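*Asks:* Next up, final.cif (mmCIF, C-alpha atoms).
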```cif
data_run
loop_
_atom_site.group_PDB
_atom_site.id
_atom_site.type_symbol
_atom_site.label_atom_id
_atom_site.label_comp_id
_atom_site.auth_asym_id
_atom_site.auth_seq_id
_atom_site.Cartn_x
_atom_site.Cartn_y
_atom_site.Cartn_z
ATOM 1 C CA MET F 27 14.617 -2.917 -35.071
ATOM 2 C CA LYS F 28 13.318 -0.747 -37.908
ATOM 3 C CA ALA F 29 13.382 -1.968 -41.490
ATOM 4 C CA ALA F 30 12.039 -1.138 -44.945
ATOM 5 C CA VAL F 31 9.704 -4.027 -45.744
ATOM 6 C CA PHE F 32 7.108 -4.933 -48.343
ATOM 7 C CA TYR F 33 4.233 -7.395 -48.424
ATOM 8 C CA GLN F 34 3.842 -7.617 -52.186
ATOM 9 C CA VAL F 35 5.972 -6.732 -55.182
ATOM 10 C CA GLY F 36 5.397 -3.486 -57.036
ATOM 11 C CA GLY F 37 6.579 0.085 -57.347
ATOM 12 C CA PRO F 38 8.565 1.992 -54.711
ATOM 13 C CA GLU F 39 5.329 2.760 -52.875
ATOM 14 C CA VAL F 40 5.102 -0.856 -51.598
ATOM 15 C CA LEU F 41 8.013 -0.201 -49.213
ATOM 16 C CA ARG F 42 6.969 0.471 -45.619
ATOM 17 C CA TYR F 43 9.098 1.545 -42.652
ATOM 18 C CA GLU F 44 8.129 -0.783 -39.806
ATOM 19 C CA GLU F 45 9.268 -2.599 -36.709
ATOM 20 C CA PHE F 46 10.675 -6.014 -37.529
ATOM 21 C CA PRO F 47 12.176 -8.733 -35.297
ATOM 22 C CA GLU F 48 15.946 -8.605 -35.105
ATOM 23 C CA PRO F 49 17.708 -11.483 -36.865
ATOM 24 C CA ALA F 50 19.369 -14.149 -34.741
ATOM 25 C CA LEU F 51 23.113 -14.598 -34.439
ATOM 26 C CA ARG F 52 24.059 -17.929 -36.016
ATOM 27 C CA PRO F 53 27.089 -20.170 -35.443
ATOM 28 C CA GLY F 54 29.836 -19.070 -37.797
ATOM 29 C CA GLY F 55 28.096 -15.750 -38.319
ATOM 30 C CA LEU F 56 28.094 -12.073 -37.443
ATOM 31 C CA LEU F 57 25.426 -9.784 -36.044
ATOM 32 C CA ILE F 58 26.002 -6.319 -37.487
ATOM 33 C CA ASP F 59 24.576 -2.921 -36.609
ATOM 34 C CA VAL F 60 24.094 -1.365 -40.030
ATOM 35 C CA LYS F 61 25.510 2.094 -40.731
ATOM 36 C CA ALA F 62 25.096 2.329 -44.517
ATOM 37 C CA ILE F 63 23.168 0.395 -47.182
ATOM 38 C CA ALA F 64 24.169 0.675 -50.847
ATOM 39 C CA ILE F 65 21.043 0.138 -52.947
ATOM 40 C CA GLN F 66 21.756 -2.204 -55.844
ATOM 41 C CA GLY F 67 19.969 -2.340 -59.172
ATOM 42 C CA GLY F 68 18.985 -5.876 -58.269
ATOM 43 C CA ASP F 69 17.250 -4.559 -55.148
ATOM 44 C CA THR F 70 14.830 -2.506 -57.250
ATOM 45 C CA LEU F 71 14.262 -5.408 -59.668
ATOM 46 C CA HIS F 72 13.557 -7.762 -56.758
ATOM 47 C CA ARG F 73 11.115 -5.282 -55.246
ATOM 48 C CA GLN F 74 9.364 -4.973 -58.597
ATOM 49 C CA GLY F 75 8.924 -8.659 -59.314
ATOM 50 C CA GLY F 76 11.090 -10.989 -57.253
ATOM 51 C CA VAL F 77 10.123 -13.902 -55.056
ATOM 52 C CA LEU F 78 9.381 -13.023 -51.425
ATOM 53 C CA ALA F 79 11.434 -15.371 -49.267
ATOM 54 C CA THR F 80 9.591 -13.986 -46.235
ATOM 55 C CA THR F 81 6.391 -12.003 -45.691
ATOM 56 C CA PRO F 82 6.872 -9.194 -44.938
ATOM 57 C CA HIS F 83 10.133 -9.128 -46.869
ATOM 58 C CA ILE F 84 13.300 -7.085 -46.395
ATOM 59 C CA VAL F 85 15.034 -6.568 -49.716
ATOM 60 C CA GLY F 86 18.709 -5.773 -50.295
ATOM 61 C CA TYR F 87 22.007 -7.609 -50.495
ATOM 62 C CA GLN F 88 24.801 -5.258 -49.389
ATOM 63 C CA ALA F 89 25.465 -3.151 -46.288
ATOM 64 C CA ALA F 90 28.270 -1.961 -44.035
ATOM 65 C CA GLY F 91 28.283 -1.578 -40.297
ATOM 66 C CA ILE F 92 29.832 -2.442 -36.937
ATOM 67 C CA ILE F 93 29.929 -5.996 -35.594
ATOM 68 C CA ARG F 94 27.812 -6.298 -32.461
ATOM 69 C CA GLN F 95 28.457 -10.001 -31.846
ATOM 70 C CA VAL F 96 30.427 -12.829 -33.406
ATOM 71 C CA GLY F 97 28.996 -16.334 -33.555
ATOM 72 C CA GLU F 98 30.440 -19.578 -32.309
ATOM 73 C CA GLY F 99 33.521 -20.627 -34.259
ATOM 74 C CA VAL F 100 34.298 -17.203 -35.734
ATOM 75 C CA THR F 101 37.974 -16.313 -35.324
ATOM 76 C CA THR F 102 38.539 -13.804 -38.125
ATOM 77 C CA PHE F 103 36.407 -10.956 -36.724
ATOM 78 C CA VAL F 104 35.809 -9.297 -33.363
ATOM 79 C CA ALA F 105 32.977 -7.243 -31.902
ATOM 80 C CA GLY F 106 33.344 -3.550 -32.653
ATOM 81 C CA GLN F 107 35.038 -4.128 -36.006
ATOM 82 C CA ALA F 108 33.848 -2.246 -39.114
ATOM 83 C CA VAL F 109 32.826 -4.570 -41.948
ATOM 84 C CA VAL F 110 30.948 -4.641 -45.229
ATOM 85 C CA ALA F 111 28.839 -7.682 -46.042
ATOM 86 C CA THR F 112 26.705 -9.222 -48.751
ATOM 87 C CA MET F 113 23.605 -11.376 -48.296
ATOM 88 C CA GLY F 114 20.732 -12.877 -50.245
ATOM 89 C CA PHE F 115 18.286 -10.357 -48.806
ATOM 90 C CA GLY F 116 17.800 -8.263 -45.685
ATOM 91 C CA SER F 117 20.107 -5.242 -46.063
ATOM 92 C CA HIS F 118 17.344 -2.604 -45.749
ATOM 93 C CA ALA F 119 17.352 -2.848 -41.959
ATOM 94 C CA GLU F 120 19.050 -1.591 -38.821
ATOM 95 C CA VAL F 121 20.571 -4.999 -38.035
ATOM 96 C CA ILE F 122 21.738 -7.861 -40.270
ATOM 97 C CA SER F 123 22.946 -11.391 -39.581
ATOM 98 C CA VAL F 124 25.381 -12.882 -42.101
ATOM 99 C CA PRO F 125 27.910 -15.709 -42.332
ATOM 100 C CA ALA F 126 31.414 -14.497 -41.516
ATOM 101 C CA SER F 127 32.456 -15.739 -44.961
ATOM 102 C CA SER F 128 30.181 -13.106 -46.521
ATOM 103 C CA ALA F 129 31.905 -10.191 -44.793
ATOM 104 C CA TRP F 130 35.100 -8.206 -45.296
ATOM 105 C CA ALA F 131 36.988 -6.098 -42.784
ATOM 106 C CA ILE F 132 37.006 -2.455 -43.853
ATOM 107 C CA PRO F 133 40.643 -1.368 -44.249
ATOM 108 C CA GLU F 134 41.994 1.375 -42.035
ATOM 109 C CA GLY F 135 41.306 4.799 -43.488
ATOM 110 C CA LEU F 136 38.321 3.747 -45.624
ATOM 111 C CA ASP F 137 35.068 5.455 -44.672
ATOM 112 C CA ILE F 138 32.305 3.004 -43.807
ATOM 113 C CA GLU F 139 29.838 4.698 -46.181
ATOM 114 C CA LEU F 140 32.268 4.342 -49.084
ATOM 115 C CA ALA F 141 32.927 0.704 -48.181
ATOM 116 C CA ALA F 142 29.183 0.046 -48.405
ATOM 117 C CA GLY F 143 29.433 0.593 -52.164
ATOM 118 C CA VAL F 144 32.307 -1.752 -52.969
ATOM 119 C CA PRO F 145 31.832 -5.569 -53.020
ATOM 120 C CA ILE F 146 29.093 -6.058 -55.617
ATOM 121 C CA GLU F 147 29.908 -2.982 -57.710
ATOM 122 C CA PHE F 148 33.665 -3.405 -57.967
ATOM 123 C CA GLY F 149 33.642 -7.195 -57.804
ATOM 124 C CA THR F 150 31.144 -7.369 -60.673
ATOM 125 C CA ALA F 151 33.090 -4.843 -62.739
ATOM 126 C CA ASP F 152 36.359 -6.710 -62.163
ATOM 127 C CA ASP F 153 34.856 -10.049 -63.164
ATOM 128 C CA CYS F 154 33.223 -8.557 -66.271
ATOM 129 C CA LEU F 155 36.506 -7.050 -67.392
ATOM 130 C CA PHE F 156 39.102 -9.623 -66.435
ATOM 131 C CA GLU F 157 37.918 -13.024 -65.199
ATOM 132 C CA PHE F 158 35.303 -13.403 -67.938
ATOM 133 C CA GLY F 159 36.092 -10.495 -70.279
ATOM 134 C CA HIS F 160 39.832 -11.250 -70.610
ATOM 135 C CA LEU F 161 40.639 -7.552 -71.092
ATOM 136 C CA VAL F 162 44.280 -6.688 -71.766
ATOM 137 C CA ALA F 163 46.131 -3.409 -72.119
ATOM 138 C CA GLY F 164 45.572 -1.601 -75.402
ATOM 139 C CA GLU F 165 42.129 -3.076 -76.061
ATOM 140 C CA THR F 166 38.982 -0.991 -76.396
ATOM 141 C CA VAL F 167 36.125 -1.569 -73.974
ATOM 142 C CA LEU F 168 32.576 -0.209 -74.212
ATOM 143 C CA ILE F 169 30.778 0.160 -70.878
ATOM 144 C CA GLN F 170 27.025 0.522 -71.164
ATOM 145 C CA ALA F 171 25.388 2.664 -68.440
ATOM 146 C CA GLY F 172 28.702 4.220 -67.470
ATOM 147 C CA ALA F 173 27.286 6.347 -64.639
ATOM 148 C CA SER F 174 25.976 3.346 -62.681
ATOM 149 C CA GLY F 175 27.838 1.914 -59.712
ATOM 150 C CA VAL F 176 29.196 -0.969 -61.782
ATOM 151 C CA GLY F 177 29.835 1.382 -64.708
ATOM 152 C CA ILE F 178 31.970 3.835 -62.748
ATOM 153 C CA ALA F 179 33.911 0.956 -61.191
ATOM 154 C CA ALA F 180 34.480 -0.624 -64.601
ATOM 155 C CA ILE F 181 35.708 2.631 -66.131
ATOM 156 C CA GLN F 182 38.332 3.006 -63.413
ATOM 157 C CA LEU F 183 39.452 -0.618 -63.484
ATOM 158 C CA ALA F 184 39.676 -0.714 -67.279
ATOM 159 C CA LYS F 185 41.656 2.516 -67.440
ATOM 160 C CA ALA F 186 44.038 1.315 -64.724
ATOM 161 C CA ALA F 187 44.635 -1.812 -66.842
ATOM 162 C CA GLY F 188 45.640 0.274 -69.861
ATOM 163 C CA ALA F 189 42.458 -0.034 -71.920
ATOM 164 C CA ILE F 190 40.781 2.572 -74.145
ATOM 165 C CA VAL F 191 37.468 3.287 -72.426
ATOM 166 C CA ILE F 192 34.165 4.210 -74.099
ATOM 167 C CA ALA F 193 30.949 4.549 -72.091
ATOM 168 C CA THR F 194 27.311 5.438 -72.654
ATOM 169 C CA SER F 195 24.909 7.578 -70.648
ATOM 170 C CA SER F 196 21.719 9.546 -71.226
ATOM 171 C CA SER F 197 23.319 12.776 -69.974
ATOM 172 C CA ASP F 198 26.106 14.935 -71.390
ATOM 173 C CA ASP F 199 26.814 16.175 -67.878
ATOM 174 C CA ARG F 200 27.333 12.648 -66.531
ATOM 175 C CA LEU F 201 29.587 11.796 -69.459
ATOM 176 C CA GLN F 202 31.707 14.869 -68.736
ATOM 177 C CA ARG F 203 32.003 13.875 -65.079
ATOM 178 C CA LEU F 204 33.058 10.351 -66.055
ATOM 179 C CA LYS F 205 36.210 11.753 -67.655
ATOM 180 C CA ASP F 206 37.502 12.345 -64.135
ATOM 181 C CA TYR F 207 37.470 8.557 -63.647
ATOM 182 C CA GLY F 208 39.229 7.531 -66.873
ATOM 183 C CA LEU F 209 36.646 7.837 -69.656
ATOM 184 C CA ASP F 210 38.216 8.420 -73.074
ATOM 185 C CA HIS F 211 35.048 8.824 -75.143
ATOM 186 C CA GLY F 212 31.460 9.304 -74.026
ATOM 187 C CA ILE F 213 28.288 8.594 -76.019
ATOM 188 C CA ASN F 214 24.901 10.099 -75.188
ATOM 189 C CA TYR F 215 22.637 7.323 -76.409
ATOM 190 C CA THR F 216 19.602 9.646 -76.448
ATOM 191 C CA LYS F 217 21.230 11.730 -79.170
ATOM 192 C CA SER F 218 23.022 9.223 -81.360
ATOM 193 C CA ASP F 219 23.311 5.531 -82.220
ATOM 194 C CA ALA F 220 25.877 4.198 -79.759
ATOM 195 C CA SER F 221 27.047 1.315 -81.956
ATOM 196 C CA LYS F 222 27.646 3.623 -84.917
ATOM 197 C CA GLU F 223 29.594 6.012 -82.696
ATOM 198 C CA VAL F 224 31.748 3.174 -81.411
ATOM 199 C CA MET F 225 32.484 2.082 -84.960
ATOM 200 C CA ALA F 226 33.379 5.635 -85.973
ATOM 201 C CA TYR F 227 35.616 6.132 -82.930
ATOM 202 C CA THR F 228 37.455 2.842 -83.570
ATOM 203 C CA ASN F 229 37.820 3.411 -87.337
ATOM 204 C CA GLY F 230 35.355 0.667 -88.128
ATOM 205 C CA ARG F 231 36.875 -2.037 -85.941
ATOM 206 C CA GLY F 232 34.519 -1.979 -82.982
ATOM 207 C CA ALA F 233 35.116 -2.662 -79.295
ATOM 208 C CA ASN F 234 37.079 -5.700 -78.160
ATOM 209 C CA LEU F 235 34.918 -6.019 -75.056
ATOM 210 C CA VAL F 236 31.522 -4.695 -73.974
ATOM 211 C CA VAL F 237 30.265 -4.638 -70.386
ATOM 212 C CA ASP F 238 26.466 -4.603 -70.643
ATOM 213 C CA SER F 239 24.279 -4.304 -67.539
ATOM 214 C CA VAL F 240 21.193 -3.172 -69.477
ATOM 215 C CA GLY F 241 20.217 -6.047 -71.745
ATOM 216 C CA GLY F 242 17.307 -5.964 -74.183
ATOM 217 C CA SER F 243 17.759 -3.733 -77.212
ATOM 218 C CA THR F 244 20.918 -2.305 -75.629
ATOM 219 C CA LEU F 245 22.475 -5.771 -75.807
ATOM 220 C CA GLU F 246 21.619 -5.838 -79.499
ATOM 221 C CA GLY F 247 23.509 -2.554 -79.825
ATOM 222 C CA SER F 248 26.424 -4.032 -77.905
ATOM 223 C CA ILE F 249 26.665 -6.828 -80.471
ATOM 224 C CA ALA F 250 26.595 -4.265 -83.290
ATOM 225 C CA ALA F 251 29.450 -2.359 -81.588
ATOM 226 C CA LEU F 252 31.735 -5.420 -81.319
ATOM 227 C CA ASP F 253 34.928 -6.081 -83.196
ATOM 228 C CA TYR F 254 35.371 -9.430 -84.944
ATOM 229 C CA ARG F 255 35.801 -12.114 -82.252
ATOM 230 C CA GLY F 256 34.863 -9.549 -79.617
ATOM 231 C CA ARG F 257 33.455 -10.421 -76.187
ATOM 232 C CA ILE F 258 30.433 -9.251 -74.219
ATOM 233 C CA SER F 259 30.117 -9.571 -70.450
ATOM 234 C CA TRP F 260 26.355 -9.462 -69.915
ATOM 235 C CA VAL F 261 25.611 -8.680 -66.319
ATOM 236 C CA GLY F 262 21.975 -7.631 -66.023
ATOM 237 C CA ARG F 263 18.755 -6.314 -67.461
ATOM 238 C CA ALA F 264 18.493 -2.866 -65.983
ATOM 239 C CA GLY F 265 16.515 -1.804 -69.054
ATOM 240 C CA ARG F 266 13.655 -4.037 -67.831
ATOM 241 C CA GLU F 267 12.591 -4.891 -71.387
ATOM 242 C CA VAL F 268 10.304 -7.921 -71.614
ATOM 243 C CA THR F 269 11.113 -8.917 -75.206
ATOM 244 C CA PRO F 270 14.250 -11.091 -75.405
ATOM 245 C CA PRO F 271 17.103 -9.509 -77.370
ATOM 246 C CA GLU F 272 17.993 -10.803 -80.811
ATOM 247 C CA VAL F 273 21.494 -12.229 -80.445
ATOM 248 C CA TRP F 274 21.843 -14.019 -83.803
ATOM 249 C CA PRO F 275 24.068 -11.256 -85.321
ATOM 250 C CA ILE F 276 26.842 -12.260 -82.928
ATOM 251 C CA MET F 277 27.368 -15.315 -85.150
ATOM 252 C CA HIS F 278 28.538 -13.107 -88.005
ATOM 253 C CA LYS F 279 31.405 -11.832 -85.857
ATOM 254 C CA SER F 280 32.405 -15.165 -84.302
ATOM 255 C CA ALA F 281 31.961 -13.252 -81.065
ATOM 256 C CA SER F 282 30.846 -14.387 -77.614
ATOM 257 C CA ILE F 283 28.443 -13.413 -74.852
ATOM 258 C CA THR F 284 29.213 -14.515 -71.299
ATOM 259 C CA GLY F 285 26.666 -14.129 -68.547
ATOM 260 C CA VAL F 286 28.257 -12.777 -65.380
ATOM 261 C CA PHE F 287 26.569 -13.095 -61.972
ATOM 262 C CA LEU F 288 28.936 -12.311 -59.124
ATOM 263 C CA GLY F 289 26.602 -13.732 -56.483
ATOM 264 C CA ILE F 290 26.724 -17.202 -58.048
ATOM 265 C CA GLU F 291 30.470 -16.940 -58.614
ATOM 266 C CA MET F 292 30.929 -16.034 -54.937
ATOM 267 C CA ALA F 293 29.038 -19.199 -53.980
ATOM 268 C CA PHE F 294 30.983 -21.509 -56.309
ATOM 269 C CA ASN F 295 34.442 -19.918 -56.078
ATOM 270 C CA PRO F 296 34.772 -18.087 -52.757
ATOM 271 C CA GLN F 297 38.482 -18.900 -52.676
ATOM 272 C CA ARG F 298 38.882 -16.517 -55.635
ATOM 273 C CA THR F 299 36.173 -13.916 -55.112
ATOM 274 C CA HIS F 300 36.647 -13.246 -51.395
ATOM 275 C CA PRO F 301 40.324 -12.222 -51.708
ATOM 276 C CA LEU F 302 39.482 -10.301 -54.894
ATOM 277 C CA ILE F 303 36.971 -8.100 -53.105
ATOM 278 C CA GLY F 304 39.359 -7.677 -50.199
ATOM 279 C CA SER F 305 42.011 -6.417 -52.606
ATOM 280 C CA LEU F 306 39.541 -4.005 -54.214
ATOM 281 C CA LEU F 307 38.652 -2.589 -50.799
ATOM 282 C CA GLN F 308 42.358 -2.044 -50.142
ATOM 283 C CA ARG F 309 42.891 -0.314 -53.493
ATOM 284 C CA ILE F 310 40.086 2.070 -52.608
ATOM 285 C CA ALA F 311 41.526 2.646 -49.132
ATOM 286 C CA ASP F 312 44.852 3.426 -50.851
ATOM 287 C CA GLN F 313 42.997 5.953 -53.065
ATOM 288 C CA LYS F 314 43.891 4.105 -56.252
ATOM 289 C CA LEU F 315 40.175 3.685 -57.029
ATOM 290 C CA SER F 316 37.173 5.780 -56.012
ATOM 291 C CA VAL F 317 33.664 5.024 -54.791
ATOM 292 C CA VAL F 318 31.265 7.685 -56.044
ATOM 293 C CA LEU F 319 28.307 8.456 -53.795
ATOM 294 C CA ASP F 320 25.376 10.325 -55.288
ATOM 295 C CA LYS F 321 22.788 10.822 -52.522
ATOM 296 C CA LYS F 322 21.959 9.585 -49.050
ATOM 297 C CA PHE F 323 18.426 8.924 -47.781
ATOM 298 C CA PRO F 324 17.274 7.908 -44.293
ATOM 299 C CA LEU F 325 16.178 4.286 -44.159
ATOM 300 C CA SER F 326 12.702 5.591 -43.384
ATOM 301 C CA GLN F 327 12.666 7.073 -46.906
ATOM 302 C CA ALA F 328 13.570 3.854 -48.728
ATOM 303 C CA SER F 329 10.646 4.267 -51.115
ATOM 304 C CA GLU F 330 11.884 7.728 -52.127
ATOM 305 C CA ALA F 331 15.410 6.366 -52.602
ATOM 306 C CA HIS F 332 14.172 3.536 -54.849
ATOM 307 C CA ARG F 333 12.076 6.013 -56.824
ATOM 308 C CA TYR F 334 15.111 8.260 -57.285
ATOM 309 C CA ILE F 335 17.220 5.369 -58.587
ATOM 310 C CA GLU F 336 14.525 4.381 -61.045
ATOM 311 C CA SER F 337 14.394 7.962 -62.345
ATOM 312 C CA ARG F 338 17.915 7.302 -63.762
ATOM 313 C CA GLN F 339 19.267 10.540 -62.312
ATOM 314 C CA ALA F 340 21.904 8.994 -60.071
ATOM 315 C CA PHE F 341 25.627 9.270 -60.704
ATOM 316 C CA GLY F 342 27.195 6.475 -58.685
ATOM 317 C CA ARG F 343 25.744 4.912 -55.573
ATOM 318 C CA VAL F 344 22.664 5.857 -53.541
ATOM 319 C CA LEU F 345 22.821 5.007 -49.835
ATOM 320 C CA LEU F 346 20.247 4.385 -47.128
ATOM 321 C CA ILE F 347 21.309 5.412 -43.618
ATOM 322 C CA PRO F 348 19.510 3.744 -40.665
#
```
Here is a file; write its structure as structure tokens.
*Replies:*
Amino acid sequence: MKAAVFYQVGGPEVLRYEEFPEPALRPGGLLIDVKAIAIQGGDTLHRQGGVLATTPHIVGYQAAGIIRQVGEGVTTFVAGQAVVATMGFGSHAEVISVPASSAWAIPEGLDIELAAGVPIEFGTADDCLFEFGHLVAGETVLIQAGASGVGIAAIQLAKAAGAIVIATSSSDDRLQRLKDYGLDHGINYTKSDASKEVMAYTNGRGANLVVDSVGGSTLEGSIAALDYRGRISWVGRAGREVTPPEVWPIMHKSASITGVFLGIEMAFNPQRTHPLIGSLLQRIADQKLSVVLDKKFPLSQASEAHRYIESRQAFGRVLLIP
């Protein structure tokens, strides 16, 4: 099979399009012919500085495709079925092998390319808002990096739950487009201080909840934007800042920061997370939520796709197509 591999961490240029041995079908698992790969922010971070579990290494932890074979003991899937799956690594390839417990049947009527952008993005957003963020109707939520995959999912989910939704972006155009998905107030953080704008918009109260996938100095701004006893769901460090953020000011608001990592939650509580993601897939199939796709690249152009993501131009998900 063909795959996008790398031999050492670094910039997008380390990715090479090469022949790679197909993975083996394991008992209790699925062998899947990949049709669409949704590049995650974590994929680019791993390529930049993660640990190589194999050499060469295939990065990536989400893809959708058609089951070629089912392993011994699998009764919930059949060959020929369309599924989306998550994995520790290996998505940037023509074929993947995953445990059946890490896959979801794609509901009837949902395009396979759209399904490729659902589990991590929408599952993370849902956990940030509800399981750990405890968002309720009428509250105000600030979503940092609103045009990201998680950001767009969070905007929709928060609005559907009856929240007042604020989001940040570096582009006025992206903020305008986000209004189609439920945004109430957009903040261009390149033009103004986001925390001050939140305070002005909320008449000095601040946001009840912040979903922060950026970290660093942005997390410091998230604390400044909080209401008294507010909550932050901290879900990443897309800003790639090396200096740890100063979190002491959160003490003055008796507020809280909760780290959210869906991958770990899926491992510890699959009985909750697996049905959750299944229900999110169905809501999208029912057109109650939307997956936003920005651009598609051939798998052979994985380096260009990673470079495009890191340029911060994307609105929604970027796909690789084998």
*Asks:* Do you know which residues are at most 8 Å from Ile178 of chain F counting all atoms listed in the file, after dropping those on the same chain fewer than 4 positions away, and could you put them as an mmCIF file with C-alpha atoms, in the coordinates of the input?
*Replies:*
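New file selection33.cif:
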```cif
data_model
loop_
_atom_site.group_PDB
_atom_site.id
_atom_site.type_symbol
_atom_site.label_atom_id
_atom_site.label_comp_id
_atom_site.auth_asym_id
_atom_site.auth_seq_id
_atom_site.Cartn_x
_atom_site.Cartn_y
_atom_site.Cartn_z
ATOM 1 C CA GLY F 172 28.702 4.220 -67.470
ATOM 2 C CA ALA F 173 27.286 6.347 -64.639
ATOM 3 C CA SER F 174 25.976 3.346 -62.681
ATOM 4 C CA GLN F 182 38.332 3.006 -63.413
ATOM 5 C CA LEU F 204 33.058 10.351 -66.055
ATOM 6 C CA TYR F 207 37.470 8.557 -63.647
ATOM 7 C CA VAL F 318 31.265 7.685 -56.044
ATOM 8 C CA GLY F 342 27.195 6.475 -58.685
#
```
*Asks:* Produce a table with one row for each residue of segment 206-288 of chain F that has an atom at most 6 Å from any atom of segment 151-168 of chain F, each row naming the nearest atom pair and its distance in Å at one decimal; use all atoms listed in the file; arrange rows by chain and rising residue number; format as CSV.
*Replies:*
```
residue,atom,partner,partner_atom,distance
F:Ala233,CA,F:Thr166,CA,5.1
F:Asn234,CA,F:Thr166,CA,5.4
F:Leu235,CA,F:Val167,CA,4.7
F:Val236,CA,F:Leu168,CA,4.6
F:Ser259,CA,F:Cys154,CA,5.3
```
*Asks:* Kindly provide, as number ranges by chain, the polymer residues lying within 12 Å of (39.0, -11.1, -51.9), counting all atoms listed in the file and using the coordinates exactly as they appear in the file.
*Replies:* F: 127-132, 144-146, 148-149, 152, 292, 295-309
*Asks:* Which residues come within 10 Å of Lys205 of chain F, counting all atoms listed in the file, excluding same-chain residues fewer than 4 positions away, as a PyMOL selection string?
*Replies:* chain F and resi 181-182+191+193+200-201+209-212
*Asks:* Can those selected residues be exported to a file as a CSV table (one decimal), in the frame of the given file so that it contains C-alpha atoms?
*Replies:*
```csv
chain,number,residue,atom,x,y,z
F,181,ILE,CA,35.7,2.6,-66.1
F,182,GLN,CA,38.3,3.0,-63.4
F,191,VAL,CA,37.5,3.3,-72.4
F,193,ALA,CA,30.9,4.5,-72.1
F,200,ARG,CA,27.3,12.6,-66.5
F,201,LEU,CA,29.6,11.8,-69.5
F,209,LEU,CA,36.6,7.8,-69.7
F,210,ASP,CA,38.2,8.4,-73.1
F,211,HIS,CA,35.0,8.8,-75.1
F,212,GLY,CA,31.5,9.3,-74.0
```
*Asks:* Going by the chain IDs and residue numbers used in this file, which residues fall under the PyMOL selection byres ((chain F and resi 58) around 8)? Write them as a PyMOL selection string.
*Replies:* chain F and resi 56-57+59-60+91-95+121-123
*Asks:* Between atom CA of Pro348 of chain F and atom CA of Arg42 of chain F, what is the spacing in Å?
*Replies:* 13.9 Å
*Asks:* Please list as a list in words every residue within 10 Å of Asp198 of chain F, counting all atoms listed in the file and excluding residues in the same chain fewer than 2 positions away.
*Replies:*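 The residues satisfying every condition are Thr194, Ser195, Ser196, Arg200, Leu201, Gln202, Arg203, Leu204, Gly212, Ile213, Asn214, Tyr215, Thr216 and Lys217 of chain F.
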*Asks:* Take the residues from that selection and write them out as a compact mmCIF listing (two decimals), in the coordinates of the input, keeping C-alpha atoms.
*Replies:*
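New file selection13.txt:
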```txt
# COMPACT_ATOMS: atom_id res chain seq x y z
CA THR F 194 27.31 5.44 -72.65
CA SER F 195 24.91 7.58 -70.65
CA SER F 196 21.72 9.55 -71.23
CA ARG F 200 27.33 12.65 -66.53
CA LEU F 201 29.59 11.80 -69.46
CA GLN F 202 31.71 14.87 -68.74
CA ARG F 203 32.00 13.88 -65.08
CA LEU F 204 33.06 10.35 -66.06
CA GLY F 212 31.46 9.30 -74.03
CA ILE F 213 28.29 8.59 -76.02
CA ASN F 214 24.90 10.10 -75.19
CA TYR F 215 22.64 7.32 -76.41
CA THR F 216 19.60 9.65 -76.45
CA LYS F 217 21.23 11.73 -79.17
```
*Asks:* Please write the residues picked by the PyMOL selection byres ((chain F and resi 35) around 10) on this file as a list in words.
*Replies:*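 Expected selection for the PyMOL selection byres ((chain F and resi 35) around 10) here is Phe32, Tyr33, Gln34, Gly36, Gly37, Pro38, Glu39, Val40, Leu41, Leu71, His72, Arg73, Gln74, Gly75, Gly76, Val77, Leu78 and His83 of chain F.
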